[in-house]
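Engineer: Sharing structure_14.cif here; it has mmCIF, C-alpha atoms.
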```
data_target
loop_
_atom_site.group_PDB
_atom_site.id
_atom_site.type_symbol
_atom_site.label_atom_id
_atom_site.label_comp_id
_atom_site.auth_asym_id
_atom_site.auth_seq_id
_atom_site.Cartn_x
_atom_site.Cartn_y
_atom_site.Cartn_z
ATOM 1 C CA MET A 1 0.000 0.000 0.000
ATOM 2 C CA GLU A 2 2.850 2.368 0.832
ATOM 3 C CA VAL A 3 4.449 1.634 -2.527
ATOM 4 C CA PHE A 4 1.216 2.437 -4.344
ATOM 5 C CA ALA A 5 0.828 5.656 -2.346
ATOM 6 C CA GLN A 6 4.406 6.589 -3.240
ATOM 7 C CA THR A 7 3.615 5.999 -6.904
ATOM 8 C CA ILE A 8 0.517 8.205 -6.712
ATOM 9 C CA VAL A 9 2.384 11.042 -5.009
ATOM 10 C CA SER A 10 5.237 10.851 -7.520
ATOM 11 C CA GLY A 11 2.712 10.927 -10.354
ATOM 12 C CA LEU A 12 1.046 14.043 -8.957
ATOM 13 C CA LEU A 13 4.404 15.789 -8.544
ATOM 14 C CA LEU A 14 5.301 14.955 -12.138
ATOM 15 C CA GLY A 15 1.870 16.058 -13.319
ATOM 16 C CA ALA A 16 2.286 19.500 -11.768
ATOM 17 C CA VAL A 17 5.531 20.094 -13.677
ATOM 18 C CA LEU A 18 4.145 18.684 -16.924
ATOM 19 C CA GLY A 19 1.124 20.920 -16.454
ATOM 20 C CA LEU A 20 3.221 24.083 -16.435
ATOM 21 C CA ILE A 21 5.075 22.997 -19.575
ATOM 22 C CA ALA A 22 1.806 22.113 -21.317
ATOM 23 C CA VAL A 23 0.172 25.402 -20.300
ATOM 24 C CA GLY A 24 2.918 27.288 -22.119
ATOM 25 C CA LEU A 25 2.366 25.164 -25.208
ATOM 26 C CA THR A 26 -1.423 25.380 -25.192
ATOM 27 C CA LEU A 27 -1.342 29.150 -24.662
ATOM 28 C CA ILE A 28 0.741 29.598 -27.806
ATOM 29 C CA PHE A 29 -1.588 27.358 -29.791
ATOM 30 C CA GLY A 30 -4.741 28.945 -28.392
ATOM 31 C CA VAL A 31 -3.707 32.477 -29.346
ATOM 32 C CA VAL A 32 -1.480 32.020 -32.402
ATOM 33 C CA ASP A 33 -3.073 28.806 -33.738
ATOM 34 C CA ILE A 34 0.340 27.211 -34.296
ATOM 35 C CA VAL A 35 1.805 24.142 -32.581
ATOM 36 C CA ASN A 36 5.349 24.862 -31.438
ATOM 37 C CA PHE A 37 7.188 21.616 -32.140
ATOM 38 C CA ALA A 38 10.328 23.157 -30.611
ATOM 39 C CA HIS A 39 8.655 23.538 -27.210
ATOM 40 C CA GLY A 40 10.722 20.734 -25.687
ATOM 41 C CA GLU A 41 13.884 22.406 -26.982
ATOM 42 C CA PHE A 42 12.799 25.669 -25.357
ATOM 43 C CA LEU A 43 12.759 23.703 -22.101
ATOM 44 C CA MET A 44 16.241 22.376 -22.844
ATOM 45 C CA VAL A 45 17.520 25.931 -23.406
ATOM 46 C CA GLY A 46 16.060 27.002 -20.069
ATOM 47 C CA MET A 47 17.728 24.074 -18.334
ATOM 48 C CA TYR A 48 21.097 25.067 -19.804
ATOM 49 C CA ILE A 49 20.578 28.670 -18.667
ATOM 50 C CA ALA A 50 19.866 27.543 -15.098
ATOM 51 C CA PHE A 51 22.736 25.054 -15.158
ATOM 52 C CA PHE A 52 25.321 27.583 -16.316
ATOM 53 C CA ALA A 53 24.025 30.148 -13.823
ATOM 54 C CA TRP A 54 24.958 27.592 -11.167
ATOM 55 C CA ARG A 55 28.198 26.541 -12.862
ATOM 56 C CA LEU A 56 29.554 30.043 -13.537
ATOM 57 C CA TRP A 57 28.156 32.090 -10.669
ATOM 58 C CA GLY A 58 27.074 29.511 -8.104
ATOM 59 C CA VAL A 59 23.408 30.508 -8.355
ATOM 60 C CA ASP A 60 21.077 27.737 -7.198
ATOM 61 C CA PRO A 61 18.446 26.788 -9.809
ATOM 62 C CA LEU A 62 15.664 28.014 -7.519
ATOM 63 C CA PHE A 63 17.164 31.499 -7.629
ATOM 64 C CA SER A 64 17.876 31.387 -11.354
ATOM 65 C CA ILE A 65 14.181 30.935 -12.200
ATOM 66 C CA PRO A 66 13.782 34.604 -13.282
ATOM 67 C CA LEU A 67 16.866 34.342 -15.509
ATOM 68 C CA ALA A 68 15.721 31.113 -17.187
ATOM 69 C CA ALA A 69 12.155 32.402 -17.549
ATOM 70 C CA LEU A 70 13.286 35.673 -19.119
ATOM 71 C CA GLY A 71 15.791 33.922 -21.383
ATOM 72 C CA VAL A 72 13.277 31.440 -22.782
ATOM 73 C CA GLY A 73 10.598 34.137 -22.985
ATOM 74 C CA ILE A 74 12.898 36.267 -25.139
ATOM 75 C CA LEU A 75 13.716 33.194 -27.233
ATOM 76 C CA GLY A 76 9.987 32.766 -27.823
ATOM 77 C CA VAL A 77 9.545 36.361 -28.977
ATOM 78 C CA ILE A 78 12.592 36.162 -31.263
ATOM 79 C CA SER A 79 11.294 32.895 -32.738
ATOM 80 C CA TYR A 80 7.932 34.478 -33.454
ATOM 81 C CA LEU A 81 9.270 37.700 -34.948
ATOM 82 C CA THR A 82 12.009 36.015 -36.974
ATOM 83 C CA PHE A 83 10.348 32.841 -38.242
ATOM 84 C CA VAL A 84 6.766 32.180 -37.173
ATOM 85 C CA ARG A 85 5.291 35.553 -38.108
ATOM 86 C CA HIS A 86 6.334 35.102 -41.723
ATOM 87 C CA ALA A 87 5.296 31.434 -41.798
ATOM 88 C CA MET A 88 1.769 32.395 -40.715
ATOM 89 C CA ARG A 89 1.239 33.880 -44.169
ATOM 90 C CA GLY A 90 1.866 30.483 -45.736
ATOM 91 C CA THR A 91 0.249 27.073 -45.543
ATOM 92 C CA LEU A 92 -0.172 24.891 -42.471
ATOM 93 C CA LEU A 93 2.609 22.652 -43.751
ATOM 94 C CA SER A 94 5.047 25.562 -43.923
ATOM 95 C CA GLN A 95 4.171 26.513 -40.338
ATOM 96 C CA ILE A 96 4.888 22.966 -39.192
ATOM 97 C CA PHE A 97 8.214 22.942 -41.023
ATOM 98 C CA VAL A 98 9.252 26.237 -39.410
ATOM 99 C CA THR A 99 8.787 25.112 -35.802
ATOM 100 C CA PHE A 100 10.147 21.645 -36.576
ATOM 101 C CA GLY A 101 13.174 23.271 -38.184
ATOM 102 C CA LEU A 102 13.586 25.373 -35.057
ATOM 103 C CA LEU A 103 13.575 22.137 -33.043
ATOM 104 C CA ILE A 104 16.383 20.675 -35.153
ATOM 105 C CA PHE A 105 18.378 23.922 -35.030
ATOM 106 C CA LEU A 106 18.211 24.327 -31.240
ATOM 107 C CA ARG A 107 19.044 20.688 -30.605
ATOM 108 C CA GLY A 108 21.940 20.761 -33.058
ATOM 109 C CA LEU A 109 23.245 24.025 -31.603
ATOM 110 C CA ALA A 110 23.212 22.567 -28.094
ATOM 111 C CA GLN A 111 25.017 19.484 -29.366
ATOM 112 C CA ALA A 112 27.691 21.631 -31.043
ATOM 113 C CA LEU A 113 28.186 23.956 -28.073
ATOM 114 C CA PHE A 114 27.884 21.586 -25.129
ATOM 115 C CA SER A 115 28.398 18.084 -26.641
ATOM 116 C CA SER A 116 26.110 15.218 -25.639
ATOM 117 C CA ASN A 117 27.415 15.076 -22.067
ATOM 118 C CA PHE A 118 24.946 15.060 -19.201
ATOM 119 C CA ARG A 119 25.427 18.116 -16.971
ATOM 120 C CA GLY A 120 23.823 18.206 -13.550
ATOM 121 C CA VAL A 121 23.675 20.597 -10.622
ATOM 122 C CA GLN A 122 25.523 19.369 -7.551
ATOM 123 C CA GLY A 123 24.681 20.510 -4.035
ATOM 124 C CA SER A 124 21.307 22.145 -4.641
ATOM 125 C CA ILE A 125 20.011 23.848 -1.494
ATOM 126 C CA LEU A 126 17.138 21.354 -1.403
ATOM 127 C CA GLY A 127 19.239 18.353 -2.375
ATOM 128 C CA ASP A 128 19.306 16.898 1.134
ATOM 129 C CA VAL A 129 15.855 18.102 2.126
ATOM 130 C CA GLY A 130 12.806 15.887 1.961
ATOM 131 C CA LEU A 131 9.413 15.164 3.412
ATOM 132 C CA SER A 132 8.230 11.819 4.731
ATOM 133 C CA VAL A 133 4.632 11.160 5.748
ATOM 134 C CA GLY A 134 3.218 7.718 6.457
ATOM 135 C CA GLY A 135 6.014 5.946 4.647
ATOM 136 C CA VAL A 136 5.741 8.175 1.576
ATOM 137 C CA SER A 137 8.941 10.086 0.838
ATOM 138 C CA VAL A 138 9.013 13.267 -1.206
ATOM 139 C CA PRO A 139 12.457 14.632 -2.185
ATOM 140 C CA GLY A 140 12.837 18.363 -1.641
ATOM 141 C CA PRO A 141 13.714 19.304 -5.248
ATOM 142 C CA GLN A 142 10.714 17.438 -6.699
ATOM 143 C CA LEU A 143 8.379 18.947 -4.109
ATOM 144 C CA ALA A 144 9.719 22.433 -4.824
ATOM 145 C CA ALA A 145 9.321 21.824 -8.560
ATOM 146 C CA ALA A 146 5.686 20.773 -8.134
ATOM 147 C CA VAL A 147 4.800 23.651 -5.812
ATOM 148 C CA GLY A 148 6.643 26.162 -7.984
ATOM 149 C CA SER A 149 4.909 24.831 -11.093
ATOM 150 C CA LEU A 150 1.473 25.156 -9.504
ATOM 151 C CA ILE A 151 2.239 28.710 -8.387
ATOM 152 C CA ALA A 152 3.462 29.644 -11.871
ATOM 153 C CA THR A 153 0.449 27.994 -13.526
ATOM 154 C CA SER A 154 -1.907 29.852 -11.187
ATOM 155 C CA ALA A 155 -0.126 33.131 -11.933
ATOM 156 C CA ILE A 156 -0.507 32.576 -15.678
ATOM 157 C CA GLY A 157 -4.169 31.696 -15.222
ATOM 158 C CA TRP A 158 -4.710 34.849 -13.168
ATOM 159 C CA PHE A 159 -2.985 36.962 -15.806
ATOM 160 C CA VAL A 160 -4.988 35.454 -18.654
ATOM 161 C CA TRP A 161 -8.393 35.575 -16.985
ATOM 162 C CA ARG A 162 -8.153 38.611 -14.702
ATOM 163 C CA THR A 163 -5.986 41.252 -16.347
ATOM 164 C CA ARG A 164 -6.824 43.558 -19.221
ATOM 165 C CA MET A 165 -3.880 42.299 -21.262
ATOM 166 C CA GLY A 166 -4.868 38.699 -20.601
ATOM 167 C CA LYS A 167 -8.422 39.357 -21.731
ATOM 168 C CA ALA A 168 -7.003 40.893 -24.902
ATOM 169 C CA LEU A 169 -5.088 37.652 -25.421
ATOM 170 C CA MET A 170 -8.260 35.625 -25.017
ATOM 171 C CA ALA A 171 -10.170 37.932 -27.346
ATOM 172 C CA THR A 172 -7.474 37.460 -29.980
ATOM 173 C CA SER A 173 -7.608 33.691 -29.565
ATOM 174 C CA GLN A 174 -11.385 33.633 -30.065
ATOM 175 C CA ASP A 175 -11.625 36.022 -33.031
ATOM 176 C CA ARG A 176 -8.541 37.933 -34.133
ATOM 177 C CA GLU A 177 -10.447 39.984 -36.739
ATOM 178 C CA ALA A 178 -13.008 41.168 -34.190
ATOM 179 C CA ALA A 179 -10.223 41.860 -31.693
ATOM 180 C CA ALA A 180 -8.414 43.977 -34.286
ATOM 181 C CA MET A 181 -11.610 45.985 -34.857
ATOM 182 C CA LEU A 182 -11.638 46.726 -31.119
ATOM 183 C CA GLY A 183 -8.136 48.172 -31.331
ATOM 184 C CA ILE A 184 -6.182 45.100 -30.212
ATOM 185 C CA ASN A 185 -2.987 44.531 -32.188
ATOM 186 C CA PRO A 186 -3.030 40.797 -33.058
ATOM 187 C CA HIS A 187 0.701 40.583 -33.778
ATOM 188 C CA ARG A 188 1.483 42.150 -30.417
ATOM 189 C CA MET A 189 -0.744 39.561 -28.767
ATOM 190 C CA PHE A 190 0.944 36.766 -30.734
ATOM 191 C CA ALA A 191 4.364 37.932 -29.525
ATOM 192 C CA LEU A 192 3.014 38.171 -25.967
ATOM 193 C CA ALA A 193 1.688 34.608 -26.165
ATOM 194 C CA TRP A 194 5.117 33.342 -27.234
ATOM 195 C CA PHE A 195 6.716 35.359 -24.440
ATOM 196 C CA ILE A 196 4.403 33.983 -21.743
ATOM 197 C CA GLY A 197 4.684 30.460 -23.151
ATOM 198 C CA GLY A 198 8.455 30.822 -22.998
ATOM 199 C CA ILE A 199 8.318 32.141 -19.436
ATOM 200 C CA ALA A 200 6.259 29.125 -18.329
ATOM 201 C CA THR A 201 8.744 26.769 -19.958
ATOM 202 C CA GLY A 202 11.733 28.602 -18.473
ATOM 203 C CA VAL A 203 10.310 28.375 -14.964
ATOM 204 C CA ALA A 204 9.748 24.643 -15.389
ATOM 205 C CA ALA A 205 13.271 24.238 -16.793
ATOM 206 C CA ALA A 206 14.970 25.845 -13.791
ATOM 207 C CA LEU A 207 12.897 23.722 -11.415
ATOM 208 C CA ILE A 208 13.650 20.495 -13.287
ATOM 209 C CA VAL A 209 17.417 21.030 -13.574
ATOM 210 C CA SER A 210 17.668 21.103 -9.777
ATOM 211 C CA TYR A 211 17.209 17.320 -9.780
ATOM 212 C CA GLN A 212 17.710 16.163 -13.380
ATOM 213 C CA PRO A 213 20.784 16.638 -15.597
ATOM 214 C CA VAL A 214 20.539 18.527 -18.863
ATOM 215 C CA HIS A 215 21.732 17.365 -22.283
ATOM 216 C CA PRO A 216 20.800 18.246 -25.891
ATOM 217 C CA ASN A 217 17.950 15.706 -25.932
ATOM 218 C CA SER A 218 16.431 16.743 -22.593
ATOM 219 C CA GLY A 219 13.429 18.271 -24.315
ATOM 220 C CA ILE A 220 12.182 14.947 -25.642
ATOM 221 C CA ALA A 221 11.339 13.547 -22.207
ATOM 222 C CA TYR A 222 9.025 16.467 -21.454
ATOM 223 C CA GLY A 223 8.147 17.836 -24.878
ATOM 224 C CA LEU A 224 6.414 14.710 -26.176
ATOM 225 C CA PRO A 225 4.212 14.256 -23.071
ATOM 226 C CA ALA A 226 3.366 17.973 -23.268
ATOM 227 C CA PHE A 227 1.959 17.529 -26.786
ATOM 228 C CA MET A 228 -0.100 14.565 -25.619
ATOM 229 C CA ILE A 229 -1.355 16.557 -22.634
ATOM 230 C CA VAL A 230 -2.419 19.522 -24.760
ATOM 231 C CA ALA A 231 -4.280 17.197 -27.125
ATOM 232 C CA LEU A 232 -5.933 15.364 -24.224
ATOM 233 C CA GLY A 233 -6.942 18.530 -22.399
ATOM 234 C CA GLY A 234 -8.095 20.331 -25.511
ATOM 235 C CA PHE A 235 -5.943 22.611 -27.648
ATOM 236 C CA GLY A 236 -6.030 26.103 -26.169
ATOM 237 C CA SER A 237 -7.540 25.051 -22.814
ATOM 238 C CA ILE A 238 -5.347 25.933 -19.816
ATOM 239 C CA GLY A 239 -7.596 24.101 -17.351
ATOM 240 C CA GLY A 240 -7.746 21.081 -19.628
ATOM 241 C CA ALA A 241 -3.962 21.006 -19.950
ATOM 242 C CA LEU A 242 -3.511 21.008 -16.172
ATOM 243 C CA ALA A 243 -6.122 18.278 -15.629
ATOM 244 C CA ALA A 244 -4.641 16.108 -18.378
ATOM 245 C CA ALA A 245 -1.130 16.658 -16.987
ATOM 246 C CA PHE A 246 -2.061 15.141 -13.635
ATOM 247 C CA LEU A 247 -3.739 12.243 -15.420
ATOM 248 C CA VAL A 248 -0.664 11.611 -17.580
ATOM 249 C CA GLY A 249 1.661 11.916 -14.587
ATOM 250 C CA LEU A 250 -0.337 9.315 -12.666
ATOM 251 C CA ILE A 251 -0.567 6.910 -15.597
ATOM 252 C CA GLU A 252 3.139 7.220 -16.396
ATOM 253 C CA ASN A 253 4.197 6.487 -12.818
ATOM 254 C CA ILE A 254 1.714 3.690 -12.166
ATOM 255 C CA ALA A 255 2.477 2.018 -15.497
ATOM 256 C CA GLY A 256 6.203 2.497 -14.928
ATOM 257 C CA PHE A 257 5.981 0.692 -11.607
ATOM 258 C CA TYR A 258 3.785 -2.243 -12.612
ATOM 259 C CA LEU A 259 4.968 -2.703 -16.201
ATOM 260 C CA PRO A 260 8.348 -2.945 -17.924
ATOM 261 C CA THR A 261 9.859 0.495 -18.542
ATOM 262 C CA GLU A 262 9.526 0.234 -22.315
ATOM 263 C CA TYR A 263 5.724 -0.101 -22.001
ATOM 264 C CA LYS A 264 4.968 2.746 -19.612
ATOM 265 C CA GLU A 265 4.452 5.278 -22.427
ATOM 266 C CA LEU A 266 2.061 2.884 -24.192
ATOM 267 C CA TRP A 267 -0.819 3.571 -21.826
ATOM 268 C CA ILE A 268 -0.574 7.302 -22.392
ATOM 269 C CA PHE A 269 -1.077 6.690 -26.110
ATOM 270 C CA VAL A 270 -3.970 4.315 -25.341
ATOM 271 C CA LEU A 271 -5.614 7.030 -23.246
ATOM 272 C CA PHE A 272 -4.966 9.531 -26.022
ATOM 273 C CA LEU A 273 -6.692 7.313 -28.597
ATOM 274 C CA ILE A 274 -9.681 6.770 -26.298
ATOM 275 C CA VAL A 275 -10.126 10.508 -25.746
ATOM 276 C CA VAL A 276 -9.683 11.300 -29.449
ATOM 277 C CA ILE A 277 -12.411 8.795 -30.333
ATOM 278 C CA ALA A 278 -14.822 9.627 -27.500
ATOM 279 C CA ARG A 279 -14.182 13.371 -27.185
ATOM 280 C CA PRO A 280 -12.138 14.784 -30.101
ATOM 281 C CA GLN A 281 -12.083 18.314 -28.640
ATOM 282 C CA GLY A 282 -10.257 17.074 -25.534
ATOM 283 C CA LEU A 283 -11.303 16.754 -21.909
ATOM 284 C CA LEU A 284 -12.130 20.434 -21.410
ATOM 285 C CA GLY A 285 -11.862 21.719 -24.966
ATOM 286 C CA ARG A 286 -14.686 23.387 -26.841
ATOM 287 C CA ARG A 287 -16.393 21.949 -29.863
#
```
Let me see the file written as C-alpha cells.
Structural biologist:
Amino acid sequence: MEVFAQTIVSGLLLGAVLGLIAVGLTLIFGVVDIVNFAHGEFLMVGMYIAFFAWRLWGVDPLFSIPLAALGVGILGVISYLTFVRHAMRGTLLSQIFVTFGLLIFLRGLAQALFSSNFRGVQGSILGDVGLSVGGVSVPGPQLAAAVGSLIATSAIGWFVWRTRMGKALMATSQDREAAAMLGINPHRMFALAWFIGGIATGVAAALIVSYQPVHPNSGIAYGLPAFMIVALGGFGSIGGALAAAFLVGLIENIAGFYLPTEYKELWIFVLFLIVVIARPQGLLGRR
C-alpha cells in the first residue's frame, strides 16, 4: 500500500511540472493557432541557462528561475518575430516545417556547443531536504518543482483571466479579426503569447534542472508528453492542460511501476486514442 501511495504522489508531482510545460504550449496554440514543435527544446535551453548560472556564478536553480524564464521568454519572442510571423502567411505545412526546423536547429546548436554530455547541478540547497509522511517520501527538489509549477500555472491563469492584457489575449484567440476591430494589435498579442509560453517553460526548466541533468535531448522527455497533454486537455484550454497533466503523470508512474519500462508510455497513447475517439475536442476543450 505504501508503494502504491508513493507511486501516486510521484505521479502528482510529475503532473504538476508537466502541467506548467503544457500550459505554455497550449497558450501559444490557443492564441497564435500554431503548434510549437520546438517547445521541448525551449525547455532544454532554459535548463542550460539555469545550469550555467549555477556553474559560472554559483546561483542555485531556484534562484535562477527569473533568468531562465526571461531567457526562454525572449527566445519565444525572437522565434515568433524572426520565423513564425512570416510562416503564418503560408500554408499549415510551412508553419509545421518552421517550428520543426527550429527544433532541429536548437538541438543541433546545443550538441555543437555543449556536446552530448549530461550536466547536472551538484549541491542544490534542497538536495538533502525531503518530506516523509506515512512511509511516503518526497524529495525536496521534486516537491519544490511541483509547488513552484502550480504557483506559476496559477499566476498565468490569473494573468490570462483577470488582467486587461490577458483578456485581450483571449479575445485574440477567439476572433482575431473582431479583436483587431476593437483596437487590439493581433501581432502584439501573438508575440506576448510566445513570451508567456516561454516564461512558463523557463520556470519549469529551472525547477527540473535542480534534480535532473541537462543534455541536448532533454526536451524529448518532457516535450512529447506535453503535446499529448495539450491534445488530451483540448488545444487552447489551460484548465484542460492542467487536468490532463495530472492524469498523464499518474498513468506514467503507475504504469512504470507495474509494467516494464519500455511499455509505460504505451498507456498514455492508449488514453490519447480513447479521448480522441470519444471526445475529439479534448477533456475540457470546446467543440
Engineer: Neighbouring residues of A:Glu252 were defined as those with any atom within 12 Å, considering only C-alpha atoms; residues of the same chain fewer than 6 positions away were excluded. Please report them as a ChimeraX atom specification.
Structural biologist: /A:7-8,10-15,18,221,225,244-246,258-271
Engineer: Once the PyMOL selection byres ((chain A and resi 41-54) around 8) has been applied to the shown file, what residues remain in the selection, as a ChimeraX atom specification?
Structural biologist: /A:38-40,55-61,64-65,67-69,71-72,75,103,106-107,119-121,198,201-206,208-209,214-220,223
Engineer: Using all atoms listed in the file for the distances, tell me which of A:Ala22, A:Leu92, A:Arg188, A:Ala112 is nearest to A:Gly240.
Structural biologist: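 Comparing A:Ala22, A:Leu92, A:Arg188, A:Ala112 against A:Gly240, the winner is A:Ala22.
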Engineer: Distance atom CA of A:Gly256-atom CA of A:Ser237, one decimal place?
Structural biologist: 27.6 Å
Engineer: Please enumerate the residues selected by the PyMOL selection byres ((chain A and resi 27) around 8) when evaluated against the supplied file, formatted as an MDAnalysis selection string.
Structural biologist: chainID A and resid 23:26 28:31 193 197 236:238
Engineer: Tell me, in Å to one decimal, how far atom CA of A:Gln212 is from atom CA of A:Val133.
Structural biologist: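 Answer for the atom CA of A:Gln212 to atom CA of A:Val133 separation: 23.7 Å.
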Engineer: So how far away is atom CA of A:Glu2 from atom CA of A:Pro213, in Å?
Structural biologist: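 Interatomic distance, atom CA of A:Pro213 to atom CA of A:Glu2: 28.2 Å.
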Engineer: Taking only C-alpha atoms into account, name the residue in A:Ala152, A:Leu207, A:Leu109, A:Leu93 that is nearest to A:Leu126.
Structural biologist: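 When distances to A:Leu126 are compared using only C-alpha atoms, the smallest one comes from A:Leu207.
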Engineer: Set the distance at 7 Å and use all atoms listed in the file: which residues neighbour A:Ser173 once local chain neighbours fewer than 2 positions away are removed? I'd like the list as a list in words.
Structural biologist: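 Counting all atoms listed in the file, the residues come to Gly30, Val31, Val32, Leu169, Met170, Ala171, Asp175 and Arg176 of chain A.
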Engineer: Apply the PyMOL selection byres ((chain A and resi 135) around 12) to the displayed file and report the matching residues as a VMD selection string.
Structural biologist: chain A and resid 1 to 7 9 131 to 134 136 to 138
Engineer: Contacts of A:Ala144 at 9 Å or less, counting all atoms listed in the file, minus same-chain residues fewer than 3 places along, as JSON, numbers by chain?
Structural biologist: {"A": [62, 126, 139, 140, 141, 147, 148, 149, 207]}
Engineer: For the residues in the current selection, export C-alpha atoms as a PDB file, in the coordinates of the input.
Structural biologist:
```
ATOM      1  CA  LEU A  62      15.664  28.014  -7.519  1.00  0.00           C
ATOM      2  CA  LEU A 126      17.138  21.354  -1.403  1.00  0.00           C
ATOM      3  CA  PRO A 139      12.457  14.632  -2.185  1.00  0.00           C
ATOM      4  CA  GLY A 140      12.837  18.363  -1.641  1.00  0.00           C
ATOM      5  CA  PRO A 141      13.714  19.304  -5.248  1.00  0.00           C
ATOM      6  CA  VAL A 147       4.800  23.651  -5.812  1.00  0.00           C
ATOM      7  CA  GLY A 148       6.643  26.162  -7.984  1.00  0.00           C
ATOM      8  CA  SER A 149       4.909  24.831 -11.093  1.00  0.00           C
ATOM      9  CA  LEU A 207      12.897  23.722 -11.415  1.00  0.00           C
TER      10      LEU A 207
END
```
Engineer: If we count only C-alpha atoms, what is near A:Tyr80 at a cut-off of 10 Å, once residues fewer than 2 positions away on the same chain are taken out, given as an MDAnalysis selection string?
Structural biologist: chainID A and resid 32 74:78 82:88 99 187 190:195
Engineer: Could you check the closest approach to A:Val248 for each of A:Ala155, A:Ala278, A:Val17, A:Ile96 and tell me which residue wins, using all atoms listed in the file?
Structural biologist: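 For A:Val248, the nearest of the given residues is A:Val17.
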Engineer: Could you please fill out stretch 176-194 of chain A with N, CA and C atoms and send it back as a PDB file, keeping the file's coordinate frame?
Structural biologist:
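Saved as result_39.pdb:
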```
ATOM      1  N   ARG A 176      -9.574  36.901 -33.975  1.00  0.00           N
ATOM      2  CA  ARG A 176      -8.541  37.933 -34.133  1.00  0.00           C
ATOM      3  C   ARG A 176      -9.021  39.119 -34.961  1.00  0.00           C
ATOM      4  N   GLU A 177      -9.943  38.878 -35.932  1.00  0.00           N
ATOM      5  CA  GLU A 177     -10.447  39.984 -36.739  1.00  0.00           C
ATOM      6  C   GLU A 177     -11.299  40.925 -35.886  1.00  0.00           C
ATOM      7  N   ALA A 178     -12.175  40.340 -35.063  1.00  0.00           N
ATOM      8  CA  ALA A 178     -13.008  41.168 -34.190  1.00  0.00           C
ATOM      9  C   ALA A 178     -12.155  41.902 -33.164  1.00  0.00           C
ATOM     10  N   ALA A 179     -11.120  41.224 -32.657  1.00  0.00           N
ATOM     11  CA  ALA A 179     -10.223  41.860 -31.693  1.00  0.00           C
ATOM     12  C   ALA A 179      -9.507  43.046 -32.327  1.00  0.00           C
ATOM     13  N   ALA A 180      -9.093  42.886 -33.585  1.00  0.00           N
ATOM     14  CA  ALA A 180      -8.414  43.977 -34.286  1.00  0.00           C
ATOM     15  C   ALA A 180      -9.347  45.174 -34.465  1.00  0.00           C
ATOM     16  N   MET A 181     -10.636  44.905 -34.705  1.00  0.00           N
ATOM     17  CA  MET A 181     -11.610  45.985 -34.857  1.00  0.00           C
ATOM     18  C   MET A 181     -11.804  46.752 -33.555  1.00  0.00           C
ATOM     19  N   LEU A 182     -11.518  46.081 -32.429  1.00  0.00           N
ATOM     20  CA  LEU A 182     -11.638  46.726 -31.119  1.00  0.00           C
ATOM     21  C   LEU A 182     -10.352  47.445 -30.717  1.00  0.00           C
ATOM     22  N   GLY A 183      -9.372  47.454 -31.612  1.00  0.00           N
ATOM     23  CA  GLY A 183      -8.136  48.172 -31.331  1.00  0.00           C
ATOM     24  C   GLY A 183      -7.024  47.321 -30.759  1.00  0.00           C
ATOM     25  N   ILE A 184      -7.210  46.010 -30.726  1.00  0.00           N
ATOM     26  CA  ILE A 184      -6.182  45.100 -30.212  1.00  0.00           C
ATOM     27  C   ILE A 184      -5.258  44.709 -31.357  1.00  0.00           C
ATOM     28  N   ASN A 185      -3.975  44.882 -31.165  1.00  0.00           N
ATOM     29  CA  ASN A 185      -2.987  44.531 -32.188  1.00  0.00           C
ATOM     30  C   ASN A 185      -2.720  43.030 -32.130  1.00  0.00           C
ATOM     31  N   PRO A 186      -3.194  42.255 -33.118  1.00  0.00           N
ATOM     32  CA  PRO A 186      -3.030  40.797 -33.058  1.00  0.00           C
ATOM     33  C   PRO A 186      -1.572  40.364 -32.989  1.00  0.00           C
ATOM     34  N   HIS A 187      -0.699  40.999 -33.764  1.00  0.00           N
ATOM     35  CA  HIS A 187       0.701  40.583 -33.778  1.00  0.00           C
ATOM     36  C   HIS A 187       1.369  40.833 -32.425  1.00  0.00           C
ATOM     37  N   ARG A 188       0.954  41.895 -31.757  1.00  0.00           N
ATOM     38  CA  ARG A 188       1.483  42.150 -30.417  1.00  0.00           C
ATOM     39  C   ARG A 188       1.013  41.063 -29.453  1.00  0.00           C
ATOM     40  N   MET A 189      -0.227  40.634 -29.612  1.00  0.00           N
ATOM     41  CA  MET A 189      -0.744  39.561 -28.767  1.00  0.00           C
ATOM     42  C   MET A 189      -0.056  38.234 -29.083  1.00  0.00           C
ATOM     43  N   PHE A 190       0.234  37.991 -30.354  1.00  0.00           N
ATOM     44  CA  PHE A 190       0.944  36.766 -30.734  1.00  0.00           C
ATOM     45  C   PHE A 190       2.328  36.732 -30.077  1.00  0.00           C
ATOM     46  N   ALA A 191       3.036  37.863 -30.147  1.00  0.00           N
ATOM     47  CA  ALA A 191       4.364  37.932 -29.525  1.00  0.00           C
ATOM     48  C   ALA A 191       4.258  37.746 -28.016  1.00  0.00           C
ATOM     49  N   LEU A 192       3.213  38.317 -27.412  1.00  0.00           N
ATOM     50  CA  LEU A 192       3.014  38.171 -25.967  1.00  0.00           C
ATOM     51  C   LEU A 192       2.751  36.718 -25.598  1.00  0.00           C
ATOM     52  N   ALA A 193       1.967  36.022 -26.427  1.00  0.00           N
ATOM     53  CA  ALA A 193       1.688  34.608 -26.165  1.00  0.00           C
ATOM     54  C   ALA A 193       2.973  33.786 -26.195  1.00  0.00           C
ATOM     55  N   TRP A 194       3.835  34.052 -27.162  1.00  0.00           N
ATOM     56  CA  TRP A 194       5.117  33.342 -27.234  1.00  0.00           C
ATOM     57  C   TRP A 194       5.997  33.698 -26.042  1.00  0.00           C
TER      58      TRP A 194
END
```
